[in-house]
Every structure is written in C-alpha cells, then in structure tokens.
Amino acid sequence: MTDIIAVVSHKGGTGKTSLVQNLAYELSHQRVLVVDLDPQSNLTIGCGRDPGDLERTVLHAMDTPSETPDLVVPLAHFDLLPANLDLALAEQHFAGHYDRNDKLKDALQPIRDQYDYILIDSPPNLGFFAFNTLTAATRAIVTLQCQPYAYRALNGTLQLVELVRKGNPALHLQAIVLTMYDRRLTLTQSVEHTARNRFGELIPKTVIPSNVSIA
C-alpha cells in the first residue's frame, strides 16, 4: 500500500517544507511523490520550479481528479505535484462542496498506486488545508520547533490529528520531530526535555539542527 505522509504544524516556520524535500530525497530509491499544498509554494520553488510559470497545479487536481496524472512534474529523484498562489483561493472555491475536506484525497486517488510514498507539505493552518492534508494521509509527522511558542501551539495540531482520525481511522501519528535544534541553547534543551518526557518514543532520536545552508 502507498504510504501517504502528512507533515503538519499550525505554526509557521517550523521546517515542514525542508523536512518534506529532504525526506523525499532520502526515500528516492523508491517511487516518491511530493505534494505542495501551500499557496506560498515553497516546496515547488525548492524543487526548481517557478510557480508563476505554472498554469495548472494541485488546485486543478483537487477540482478535477481525472487530470491529476497530467499535472505531476517529474524531477530527477522524485515527482512533484506543484502549487502556486492560486491555491489560496481553494477554501473559497470549495466552500459550498459537501466533500470539501476530501478534495486532496480524491485528487491523489488516480495516481496513488504509482508510488511507494507520497509526502504532503501543508501550510500553517488548522482549517481547510490541514483537514485535506490529514484526510488524505495514512501517517502524520508533526514538526516542533525548539521554541516555547511552538511547543504551546503543538496542542492545536495534535487535537486536529485526533479529530480527523474519527473520519480517517487509517491515519496515525508517526512522530513529532524536533526542528531548528541548537544544542548550545538552554532553551532548546528545555523544550526537548519537556517534549521527550511528555511524548516518549513519539520524539525520534534524530533531530533537525539549525543550519543556514538549508535556508
């Protein structure tokens, strides 16, 4: 079965896009698709595509799932379902649809069997985009920036995961990944200690360090 991994956090700047892109590369010995569900289109840009040059994107796939295979962009190591700023209109566009939270799931259906892994990059959001991301997924990875505000914001993201699981029982929380980690800072150590005590094995041993080369 295809493993669909949603990388989520409703706080911005926690490293979701960088995690999706680098994880996709590490998994690229298998068949991998990355999905940009953020109107800011940073994943699309990071994959070397100019969102302004794209006429059709993930938004069109959500609107007409039969078109999804034609919208996938092959890259050197994995494939991309791109986004541009038009995606910002998606919540308004689908507002009157009874199945609005299933739009991404439906968009992926025609191609999901072509991949071993599908990784979804979502915007900092607890509404339409987050619901679509988690409804389509089998696993959720939550990014936790090693800052107190980010730790406080974690509860909202975890509550949403549990809410979506009621309609998508296949979804489970895979990990809470510590990002922008700076071992020299007492603050980082404090957040890590608190998180590991609370969540145990949900916090991987691997942490994502602060690294200017990623920026």
# chains A, B, ... in the order shown; residues from 1 in each chain; ligands from 1
$ closest_atom_pairs --of "segment 43-151 of chain A" --to "segment 171-180 of chain A" --cutoff "7 Å" --atoms "only C-alpha atoms" --output "JSON lines"
{"residue": "A:Ala137", "atom": "CA", "partner": "A:Leu171", "partner_atom": "CA", "distance": 6.1}
{"residue": "A:Thr138", "atom": "CA", "partner": "A:Leu171", "partner_atom": "CA", "distance": 4.3}
{"residue": "A:Arg139", "atom": "CA", "partner": "A:His172", "partner_atom": "CA", "distance": 5.0}
{"residue": "A:Ala140", "atom": "CA", "partner": "A:Leu173", "partner_atom": "CA", "distance": 4.8}
{"residue": "A:Ile141", "atom": "CA", "partner": "A:Ala175", "partner_atom": "CA", "distance": 5.0}
{"residue": "A:Val142", "atom": "CA", "partner": "A:Ile176", "partner_atom": "CA", "distance": 4.7}
{"residue": "A:Thr143", "atom": "CA", "partner": "A:Val177", "partner_atom": "CA", "distance": 4.9}
{"residue": "A:Leu144", "atom": "CA", "partner": "A:Leu178", "partner_atom": "CA", "distance": 4.9}
{"residue": "A:Gln145", "atom": "CA", "partner": "A:Thr179", "partner_atom": "CA", "distance": 4.7}
{"residue": "A:Cys146", "atom": "CA", "partner": "A:Thr179", "partner_atom": "CA", "distance": 6.3}
$ closest_atom_pairs --of "segment 131-215 of chain A" --to "segment 91-112 of chain A" --cutoff "10 Å" --atoms "only C-alpha atoms" --output "Markdown table"
| residue | atom | partner | partner_atom | distance |
| --- | --- | --- | --- | --- |
| A:Phe131 | CA | A:Asn101 | CA | 5.8 |
| A:Asn132 | CA | A:Asn101 | CA | 4.9 |
| A:Thr133 | CA | A:Leu104 | CA | 6.9 |
| A:Leu134 | CA | A:Lys105 | CA | 9.0 |
| A:Thr135 | CA | A:Asp102 | CA | 6.5 |
| A:Ala136 | CA | A:Lys105 | CA | 4.3 |
| A:Ala137 | CA | A:Lys105 | CA | 7.9 |
| A:Val164 | CA | A:Asn101 | CA | 9.9 |
$ select_by_dssp --residues "chain A" --states "strand (DSSP E)" --output "count of residues only"
36
$ closest_residue --among "A:Asp121, A:Asp79, A:Asp3, A:Glu201" --to "Ser18 of chain A" --atoms "only C-alpha atoms"
A:Asp121
$ atom_distance --atom1 "atom CA of Lys205 of chain A" --atom2 "atom CA of Leu37 of chain A"
28.0 Å
$ atom_distance --atom1 "atom CA of His193 of chain A" --atom2 "atom CA of Ser9 of chain A"
19.8 Å
$ residues_around --residues "Leu75 of chain A" --least-positions-apart "6" --cutoff "12 Å" --atoms "only C-alpha atoms" --output "VMD selection string"
chain A and resid 21 24 to 25 28 31 to 34 44 46 to 49 81 to 82
$ write_last_selection --atoms "N, CA and C atoms" --output "PDB file, in the first residue's frame"
ATOM      1  N   GLN A  21      11.126  17.889   1.646  1.00  0.00           N
ATOM      2  CA  GLN A  21      12.028  17.804   0.498  1.00  0.00           C
ATOM      3  C   GLN A  21      13.197  16.854   0.781  1.00  0.00           C
ATOM      4  N   ALA A  24      12.004  13.190   1.139  1.00  0.00           N
ATOM      5  CA  ALA A  24      11.724  12.635  -0.190  1.00  0.00           C
ATOM      6  C   ALA A  24      13.006  12.187  -0.873  1.00  0.00           C
ATOM      7  N   TYR A  25      14.044  12.982  -0.735  1.00  0.00           N
ATOM      8  CA  TYR A  25      15.326  12.611  -1.351  1.00  0.00           C
ATOM      9  C   TYR A  25      15.876  11.337  -0.718  1.00  0.00           C
ATOM     10  N   SER A  28      14.209   8.286  -2.057  1.00  0.00           N
ATOM     11  CA  SER A  28      14.069   8.280  -3.512  1.00  0.00           C
ATOM     12  C   SER A  28      14.607   7.026  -4.193  1.00  0.00           C
ATOM     13  N   ARG A  31       9.667   4.810  -5.208  1.00  0.00           N
ATOM     14  CA  ARG A  31       8.864   5.744  -6.004  1.00  0.00           C
ATOM     15  C   ARG A  31       8.219   6.760  -5.054  1.00  0.00           C
ATOM     16  N   VAL A  32       8.575   8.027  -5.237  1.00  0.00           N
ATOM     17  CA  VAL A  32       8.160   9.068  -4.296  1.00  0.00           C
ATOM     18  C   VAL A  32       7.521  10.237  -5.046  1.00  0.00           C
ATOM     19  N   LEU A  33       6.417  10.717  -4.490  1.00  0.00           N
ATOM     20  CA  LEU A  33       5.761  11.943  -4.957  1.00  0.00           C
ATOM     21  C   LEU A  33       5.690  12.920  -3.797  1.00  0.00           C
ATOM     22  N   VAL A  34       6.027  14.184  -4.046  1.00  0.00           N
ATOM     23  CA  VAL A  34       5.806  15.233  -3.050  1.00  0.00           C
ATOM     24  C   VAL A  34       4.672  16.127  -3.543  1.00  0.00           C
ATOM     25  N   THR A  44       7.472  23.860  -4.158  1.00  0.00           N
ATOM     26  CA  THR A  44       7.585  23.948  -5.615  1.00  0.00           C
ATOM     27  C   THR A  44       8.845  24.706  -6.005  1.00  0.00           C
ATOM     28  N   GLY A  46      11.505  25.152  -4.107  1.00  0.00           N
ATOM     29  CA  GLY A  46      12.659  24.373  -3.681  1.00  0.00           C
ATOM     30  C   GLY A  46      12.973  23.222  -4.613  1.00  0.00           C
ATOM     31  N   CYS A  47      11.989  22.794  -5.367  1.00  0.00           N
ATOM     32  CA  CYS A  47      12.197  21.731  -6.352  1.00  0.00           C
ATOM     33  C   CYS A  47      12.586  22.287  -7.721  1.00  0.00           C
ATOM     34  N   GLY A  48      12.834  23.597  -7.783  1.00  0.00           N
ATOM     35  CA  GLY A  48      13.356  24.194  -9.008  1.00  0.00           C
ATOM     36  C   GLY A  48      12.322  24.630 -10.016  1.00  0.00           C
ATOM     37  N   ARG A  49      11.073  24.788  -9.572  1.00  0.00           N
ATOM     38  CA  ARG A  49      10.021  25.227 -10.483  1.00  0.00           C
ATOM     39  C   ARG A  49       9.516  26.600 -10.065  1.00  0.00           C
ATOM     40  N   LEU A  81       3.797  17.303  -7.332  1.00  0.00           N
ATOM     41  CA  LEU A  81       2.503  17.883  -7.670  1.00  0.00           C
ATOM     42  C   LEU A  81       2.562  19.312  -7.154  1.00  0.00           C
ATOM     43  N   PRO A  82       2.755  20.296  -8.036  1.00  0.00           N
ATOM     44  CA  PRO A  82       3.137  21.647  -7.612  1.00  0.00           C
ATOM     45  C   PRO A  82       1.952  22.514  -7.202  1.00  0.00           C
TER      46      PRO A  82
END
$ closest_residue --among "A:Ser41, A:Arg56, A:Leu158, A:Gln147" --to "Glu192 of chain A" --atoms "only C-alpha atoms"
A:Gln147
$ select_by_dssp --residues "segment 4-208 of chain A" --states "helix (DSSP H, G or I)" --output "ChimeraX atom specification"
/A:16-26,42-46,51-53,58-63,65-71,85-93,100-108,112-114,128-136,148-165,186-202
